[in-house]
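Coordinates as given in start_33.json (JSON, C-alpha atoms):
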```json
[["chain", "number", "residue", "atom", "x", "y", "z"],
["R", 15, "MET", "CA", 52.86, 41.63, 62.67],
["R", 16, "THR", "CA", 49.52, 42.72, 64.01],
["R", 17, "LYS", "CA", 47.46, 45.46, 62.50],
["R", 18, "ASN", "CA", 46.43, 48.42, 64.61],
["R", 19, "ASN", "CA", 43.32, 49.99, 63.17],
["R", 20, "SER", "CA", 42.61, 52.26, 66.12],
["R", 21, "SER", "CA", 42.54, 56.00, 65.52],
["R", 22, "VAL", "CA", 45.59, 57.99, 66.53],
["R", 23, "GLU", "CA", 43.32, 60.82, 67.58],
["R", 24, "GLY", "CA", 42.19, 61.09, 71.16],
["R", 25, "PRO", "CA", 38.79, 62.35, 72.23],
["R", 26, "ASP", "CA", 39.94, 65.94, 71.87],
["R", 27, "GLY", "CA", 41.91, 65.51, 68.65],
["R", 28, "PRO", "CA", 45.68, 65.69, 68.14],
["R", 29, "VAL", "CA", 47.72, 68.54, 69.59],
["R", 30, "CYS", "CA", 50.34, 70.06, 67.29],
["R", 31, "THR", "CA", 53.24, 72.14, 68.54],
["R", 32, "ALA", "CA", 55.12, 74.83, 66.62],
["R", 33, "ARG", "CA", 58.51, 76.44, 67.06],
["R", 34, "LEU", "CA", 58.36, 80.23, 67.25],
["R", 35, "PRO", "CA", 61.23, 82.11, 65.56],
["R", 36, "LEU", "CA", 61.50, 84.50, 68.51],
["R", 37, "SER", "CA", 64.03, 85.09, 71.25],
["R", 38, "SER", "CA", 63.38, 84.23, 74.88],
["R", 39, "ALA", "CA", 63.98, 87.91, 75.65],
["R", 40, "THR", "CA", 60.98, 88.85, 73.50],
["R", 41, "LEU", "CA", 58.81, 86.25, 75.19],
["R", 42, "ASN", "CA", 59.88, 87.35, 78.69],
["R", 43, "TRP", "CA", 59.37, 91.02, 77.85],
["R", 44, "LEU", "CA", 55.83, 90.37, 76.66],
["R", 45, "ALA", "CA", 55.07, 88.18, 79.69],
["R", 46, "ASP", "CA", 56.22, 90.99, 82.01],
["R", 47, "LEU", "CA", 54.06, 93.45, 80.07],
["R", 48, "ILE", "CA", 51.02, 91.20, 80.54],
["R", 49, "LEU", "CA", 51.79, 90.73, 84.25],
["R", 50, "GLY", "CA", 52.01, 94.48, 84.76],
["R", 51, "HIS", "CA", 48.69, 94.96, 82.99],
["R", 52, "LEU", "CA", 46.98, 92.29, 85.11],
["R", 53, "LYS", "CA", 48.20, 93.92, 88.31],
["R", 54, "LYS", "CA", 47.07, 97.32, 87.09],
["R", 55, "ILE", "CA", 43.52, 96.20, 86.37],
["R", 56, "GLY", "CA", 43.37, 93.98, 89.45],
["R", 57, "SER", "CA", 42.90, 90.71, 87.57],
["R", 58, "ARG", "CA", 43.81, 88.00, 90.07],
["R", 59, "TRP", "CA", 43.23, 84.94, 87.89],
["R", 60, "ARG", "CA", 43.69, 83.84, 84.31],
["R", 61, "ALA", "CA", 43.26, 80.39, 82.82],
["R", 62, "LEU", "CA", 46.99, 80.30, 81.99],
["R", 63, "PRO", "CA", 50.05, 82.03, 83.47],
["R", 64, "ALA", "CA", 51.34, 85.19, 81.79],
["R", 65, "GLY", "CA", 54.25, 83.40, 80.13],
["R", 66, "LYS", "CA", 51.95, 80.87, 78.53],
["R", 67, "ILE", "CA", 49.54, 83.59, 77.42],
["R", 68, "ALA", "CA", 52.45, 85.41, 75.79],
["R", 69, "THR", "CA", 53.43, 82.25, 73.92],
["R", 70, "VAL", "CA", 49.89, 81.65, 72.68],
["R", 71, "VAL", "CA", 49.47, 85.27, 71.53],
["R", 72, "LEU", "CA", 52.83, 85.31, 69.74],
["R", 73, "ALA", "CA", 51.92, 82.06, 67.98],
["R", 74, "VAL", "CA", 48.84, 83.81, 66.60],
["R", 75, "LEU", "CA", 50.56, 87.07, 65.69],
["R", 76, "ARG", "CA", 53.87, 85.71, 64.44],
["R", 77, "CYS", "CA", 52.93, 82.37, 62.88],
["R", 78, "ASP", "CA", 49.24, 82.95, 62.12],
["R", 79, "GLN", "CA", 48.23, 79.92, 64.17],
["R", 80, "ARG", "CA", 44.46, 79.55, 64.41],
["R", 81, "PRO", "CA", 43.05, 80.57, 67.81],
["R", 82, "GLY", "CA", 40.80, 77.51, 67.84],
["R", 83, "ASP", "CA", 43.76, 75.13, 67.45],
["R", 84, "LEU", "CA", 45.74, 76.84, 70.20],
["R", 85, "ALA", "CA", 42.70, 76.92, 72.46],
["R", 86, "GLY", "CA", 42.20, 73.16, 72.16],
["R", 87, "GLY", "CA", 45.85, 72.45, 72.87],
["R", 88, "ASN", "CA", 45.87, 74.61, 76.00],
["R", 89, "GLY", "CA", 42.51, 73.71, 77.51],
["R", 90, "VAL", "CA", 40.82, 77.08, 76.98],
["R", 91, "HIS", "CA", 38.02, 78.34, 74.76],
["R", 92, "ARG", "CA", 38.67, 79.91, 71.37],
["R", 93, "THR", "CA", 37.09, 83.19, 72.42],
["R", 94, "THR", "CA", 39.54, 83.34, 75.34],
["R", 95, "VAL", "CA", 42.50, 83.18, 72.97],
["R", 96, "THR", "CA", 40.91, 85.82, 70.74],
["R", 97, "ARG", "CA", 40.40, 88.08, 73.76],
["R", 98, "TRP", "CA", 44.04, 87.63, 74.83],
["R", 99, "VAL", "CA", 45.25, 88.56, 71.34],
["R", 100, "ARG", "CA", 43.17, 91.75, 71.28],
["R", 101, "GLU", "CA", 44.30, 92.64, 74.77],
["R", 102, "VAL", "CA", 47.98, 92.23, 73.95],
["R", 103, "VAL", "CA", 47.67, 94.11, 70.66],
["R", 104, "GLY", "CA", 46.20, 97.01, 72.63],
["R", 105, "LEU", "CA", 49.08, 96.89, 75.12],
["R", 106, "LEU", "CA", 51.65, 96.92, 72.33],
["R", 107, "ALA", "CA", 49.88, 99.71, 70.45],
["R", 108, "SER", "CA", 49.82, 101.92, 73.56],
["R", 109, "ARG", "CA", 53.63, 101.72, 73.71],
["R", 110, "ALA", "CA", 54.16, 102.71, 70.09],
["R", 111, "PRO", "CA", 55.93, 106.09, 69.68],
["R", 112, "ARG", "CA", 54.04, 109.04, 68.24],
["R", 113, "LEU", "CA", 55.22, 110.20, 64.83],
["R", 114, "ASP", "CA", 56.25, 113.70, 65.88],
["R", 115, "ARG", "CA", 58.20, 112.40, 68.88],
["R", 116, "ALA", "CA", 60.00, 109.78, 66.80],
["R", 117, "LEU", "CA", 61.05, 112.42, 64.25],
["R", 118, "LYS", "CA", 62.23, 114.86, 66.92],
["R", 119, "LYS", "CA", 64.31, 112.11, 68.49],
["R", 120, "ILE", "CA", 66.11, 111.51, 65.19],
["R", 121, "ALA", "CA", 66.73, 115.24, 64.80],
["R", 122, "ARG", "CA", 68.17, 115.51, 68.32],
["R", 123, "MET", "CA", 70.54, 112.65, 67.56],
["R", 124, "GLY", "CA", 71.89, 114.52, 64.55],
["R", 125, "GLY", "CA", 70.08, 112.56, 61.86],
["R", 126, "GLY", "CA", 69.05, 114.28, 58.66],
["R", 127, "ILE", "CA", 66.93, 111.73, 56.81],
["R", 128, "VAL", "CA", 64.53, 108.84, 57.35],
["R", 129, "LEU", "CA", 63.63, 105.96, 55.06],
["R", 130, "LEU", "CA", 59.97, 105.79, 54.07],
["R", 131, "ASP", "CA", 58.11, 102.79, 52.71],
["R", 132, "GLY", "CA", 54.68, 101.17, 52.63],
["R", 133, "SER", "CA", 53.74, 97.52, 52.79],
["R", 134, "VAL", "CA", 50.54, 95.53, 52.40],
["R", 135, "ILE", "CA", 50.20, 92.87, 55.09],
["R", 136, "ARG", "CA", 48.24, 89.97, 53.63],
["R", 137, "THR", "CA", 44.99, 89.01, 55.36],
["R", 138, "ARG", "CA", 42.28, 86.47, 54.80],
["R", 139, "ARG", "CA", 39.58, 87.40, 52.34],
["R", 140, "ARG", "CA", 36.48, 88.82, 54.00],
["R", 141, "THR", "CA", 32.89, 88.43, 52.87],
["R", 142, "GLY", "CA", 30.48, 91.00, 51.51],
["R", 143, "LYS", "CA", 31.27, 94.67, 51.00],
["R", 144, "GLU", "CA", 34.05, 94.58, 53.59],
["R", 145, "ASP", "CA", 36.01, 92.42, 51.14],
["R", 146, "ARG", "CA", 36.37, 95.13, 48.50],
["R", 147, "LYS", "CA", 38.24, 97.81, 50.43],
["R", 148, "ASN", "CA", 40.91, 95.38, 51.61],
["R", 149, "TYR", "CA", 41.83, 94.28, 48.09],
["R", 150, "SER", "CA", 45.06, 95.83, 46.81],
["R", 151, "GLY", "CA", 45.04, 96.13, 43.03],
["R", 152, "LYS", "CA", 48.79, 96.77, 43.02],
["R", 153, "ASN", "CA", 49.67, 93.67, 45.03],
["R", 154, "LYS", "CA", 46.78, 91.50, 43.75],
["R", 155, "CYS", "CA", 45.87, 90.33, 47.23],
["R", 156, "HIS", "CA", 43.72, 91.17, 50.25],
["R", 157, "GLY", "CA", 45.48, 92.95, 53.07],
["R", 158, "LEU", "CA", 46.05, 96.03, 55.19],
["R", 159, "LEU", "CA", 48.42, 98.86, 54.30],
["R", 160, "VAL", "CA", 50.95, 100.21, 56.81],
["R", 161, "ILE", "CA", 53.49, 103.01, 56.37],
["R", 162, "ALA", "CA", 56.83, 102.63, 58.13],
["R", 163, "LEU", "CA", 59.72, 104.97, 58.87],
["R", 164, "THR", "CA", 63.23, 103.80, 59.70],
["R", 165, "ASP", "CA", 66.50, 105.59, 60.38],
["R", 166, "ASP", "CA", 69.35, 105.50, 57.87],
["R", 167, "ARG", "CA", 70.42, 102.11, 59.26],
["R", 168, "GLY", "CA", 67.01, 100.53, 58.75],
["R", 169, "ARG", "CA", 65.96, 100.53, 62.41],
["R", 170, "LEU", "CA", 62.22, 100.95, 62.81],
["R", 171, "LEU", "CA", 61.17, 104.35, 64.17],
["R", 172, "TRP", "CA", 57.44, 104.47, 63.59],
["R", 173, "ILE", "CA", 54.65, 102.52, 61.93],
["R", 174, "SER", "CA", 51.24, 103.86, 60.98],
["R", 175, "ALA", "CA", 47.82, 102.55, 61.78],
["R", 176, "ALA", "CA", 46.68, 99.78, 59.43],
["R", 177, "ARG", "CA", 44.44, 100.94, 56.60],
["R", 178, "PRO", "CA", 42.45, 99.09, 53.91],
["R", 179, "GLY", "CA", 44.67, 97.47, 51.29],
["R", 180, "ARG", "CA", 43.25, 99.55, 48.42],
["R", 181, "THR", "CA", 44.55, 102.76, 50.04],
["R", 182, "SER", "CA", 47.59, 104.25, 48.29],
["R", 183, "GLU", "CA", 50.80, 105.04, 50.16],
["R", 184, "ILE", "CA", 50.42, 108.72, 49.33],
["R", 185, "THR", "CA", 46.87, 108.84, 50.68],
["R", 186, "ALA", "CA", 48.02, 107.20, 53.92],
["R", 187, "CYS", "CA", 50.90, 109.68, 54.28],
["R", 188, "LEU", "CA", 48.60, 112.64, 53.70],
["R", 189, "HIS", "CA", 46.23, 111.32, 56.35],
["R", 190, "ASP", "CA", 49.08, 111.23, 58.89],
["R", 191, "LYS", "CA", 50.37, 114.68, 57.75],
["R", 192, "LEU", "CA", 53.75, 113.04, 57.25],
["R", 193, "THR", "CA", 55.41, 115.65, 55.05],
["R", 194, "ARG", "CA", 54.42, 118.52, 57.34],
["R", 195, "LYS", "CA", 55.82, 116.75, 60.38],
["R", 196, "LEU", "CA", 59.04, 115.96, 58.52],
["R", 197, "ARG", "CA", 59.46, 119.65, 57.71],
["R", 198, "GLU", "CA", 58.77, 120.65, 61.30],
["R", 199, "ALA", "CA", 61.50, 118.28, 62.48],
["R", 200, "GLY", "CA", 63.90, 119.47, 59.78],
["R", 201, "LEU", "CA", 64.21, 116.02, 58.23],
["R", 202, "GLY", "CA", 64.15, 114.67, 54.70],
["R", 203, "ALA", "CA", 62.89, 111.30, 53.52],
["R", 204, "ILE", "CA", 64.12, 108.74, 51.01],
["R", 205, "ALA", "CA", 61.40, 106.64, 49.37],
["R", 206, "ASP", "CA", 60.74, 104.61, 46.21],
["R", 207, "LEU", "CA", 58.94, 105.77, 43.07],
["R", 208, "GLY", "CA", 55.55, 105.00, 44.60],
["R", 209, "PHE", "CA", 55.82, 108.20, 46.65],
["R", 210, "ILE", "CA", 56.49, 110.57, 43.75],
["R", 211, "GLY", "CA", 54.13, 113.54, 44.07],
["R", 212, "LEU", "CA", 53.80, 113.33, 47.83],
["R", 213, "ASP", "CA", 53.13, 116.93, 48.79],
["R", 214, "ASP", "CA", 50.65, 118.40, 51.27],
["R", 215, "SER", "CA", 49.72, 121.15, 48.81],
["R", 216, "GLY", "CA", 49.04, 118.79, 45.88],
["R", 217, "PRO", "CA", 45.78, 117.15, 44.83],
["R", 218, "THR", "CA", 44.50, 114.22, 46.81],
["R", 219, "PRO", "CA", 45.63, 110.98, 45.09],
["R", 220, "THR", "CA", 43.02, 108.50, 43.96],
["R", 221, "ARG", "CA", 42.76, 105.09, 45.54],
["R", 222, "ARG", "CA", 43.84, 101.93, 43.78]]
```

The structure in this file should be written as structure tokens.
Amino acid sequence: MTKNNSSVEGPDGPVCTARLPLSSATLNWLADLILGHLKKIGSRWRALPAGKIATVVLAVLRCDQRPGDLAGGNGVHRTTVTRWVREVVGLLASRAPRLDRALKKIARMGGGIVLLDGSVIRTRRRTGKEDRKNYSGKNKCHGLLVIALTDDRGRLLWISAARPGRTSEITACLHDKLTRKLREAGLGAIADLGFIGLDDSGPTPTRR
């Protein structure tokens, strides 16, 4: 038996692949969305085809893959991957339904209630003063708070803008005028104990 002491790494380092827990329909839908955007802005060339860009972006968003690692494995620069991610996030955000329209749709379909909940999405710890506002004392982690509404079957209707993790659910709901818009649509909401006291006419809750 001969010993092989040569490095397994090539000049550019090893390339690792990952399996995304997503359907091909999701990937194709996002690729079509990117293609439509490129045609709209008149972009005739990208370093990778739309389908590959969609895969790279979903790897970042869904699996938290590092842009630098994906860039090296696909022959592009890290800043290019970061730009693609921001571009796609903007495209997805522009398609999100407005709160009042989502509530009116439920009312038209005969629904009477929505399910309300908040969640802190974990993020990496930031440096300096920016670190403090993202720390959630309740969850003991750094993150961003989002408020979500679903129908009575748990299907997502609307999700709020992301806010610093220290923000309380009630504060976020007051900012979006959630209770007023629920009344205007003639809907009620079911939520956990963290939303007790949610009322437009009440005092502004303190932050965690």

Q: Find the residues around Val128 (chain R) up to 8 Å (all atoms listed in the file counted), leave out those fewer than 3 positions away in its own chain, and share them as a ChimeraX atom specification.
A: /R:163-166,201-204

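Of the residues listed (R:Ala121, R:Ala176, R:Ala199, R:Val95), R:Val95 shows the shortest atom-to-atom separation from Thr69 (chain R); distances use only C-alpha atoms.
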
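Across R:Leu196, R:Ile184, R:Ala64, R:Val160, the tightest approach to Gly211 (chain R) is made by R:Ile184 when counting only C-alpha atoms.
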
Could you give me, as an mmCIF file with C-alpha atoms, in the coordinates of the input, the residues within 10 Å of Lys195 (chain R), counting all atoms listed in the file and dropping anything in the same chain fewer than 3 positions from it?
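That gives us around32.cif:
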```cif
data_model
loop_
_atom_site.group_PDB
_atom_site.id
_atom_site.type_symbol
_atom_site.label_atom_id
_atom_site.label_comp_id
_atom_site.auth_asym_id
_atom_site.auth_seq_id
_atom_site.Cartn_x
_atom_site.Cartn_y
_atom_site.Cartn_z
ATOM 1 C CA LEU R 113 55.220 110.200 64.830
ATOM 2 C CA ASP R 114 56.250 113.700 65.880
ATOM 3 C CA ARG R 115 58.200 112.400 68.880
ATOM 4 C CA LEU R 117 61.050 112.420 64.250
ATOM 5 C CA LYS R 118 62.230 114.860 66.920
ATOM 6 C CA ASP R 190 49.080 111.230 58.890
ATOM 7 C CA LYS R 191 50.370 114.680 57.750
ATOM 8 C CA LEU R 192 53.750 113.040 57.250
ATOM 9 C CA GLU R 198 58.770 120.650 61.300
ATOM 10 C CA ALA R 199 61.500 118.280 62.480
ATOM 11 C CA GLY R 200 63.900 119.470 59.780
ATOM 12 C CA LEU R 201 64.210 116.020 58.230
#
```

Q.
Measuring between all atoms listed in the file, which one of R:Ala162, R:Arg167, R:Ser150, R:Thr137 shows the shortest distance to Gly125 (chain R)?
A. R:Arg167

Q. In Å to one decimal, how far is CA of Trp172 (chain R) from CA of Ser108 (chain R)?
A.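 Interatomic distance, CA of Ser108 (chain R) to CA of Trp172 (chain R): 12.8 Å.
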
Q.
I need every residue sitting at most 12 Å from the point (59.6, 86.7, 78.1) (coordinates as in the file, all atoms listed in the file considered), written as a list of chain:residue names.
A. R:Leu36, R:Ser37, R:Ser38, R:Ala39, R:Thr40, R:Leu41, R:Asn42, R:Trp43, R:Leu44, R:Ala45, R:Asp46, R:Leu47, R:Ile48, R:Leu49, R:Pro63, R:Ala64, R:Gly65, R:Lys66, R:Ile67, R:Ala68, R:Thr69, R:Leu72

Q | Shortest interatomic distance to Asp206 (chain R) - which of R:Ile135, R:Ala175, R:Val90, R:Leu130, counting only C-alpha atoms | A | R:Leu130

(Q) Would you compute the distance between CA of Leu84 (chain R) and CA of Val70 (chain R)? Give it in Å to one decimal. (A)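 For CA of Leu84 (chain R) relative to CA of Val70 (chain R), the distance reads 6.8 Å.
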
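Note that CA of Val71 (chain R) and CA of Arg139 (chain R) are 21.7 Å apart.
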
Q: Point out the residue among R:Asn88, R:Thr94, R:Asn153, R:Ser133 with the least atom-to-atom distance to Ile173 (chain R), counting only C-alpha atoms.
A: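 Comparing R:Asn88, R:Thr94, R:Asn153, R:Ser133 against Ile173 (chain R), the winner is R:Ser133.
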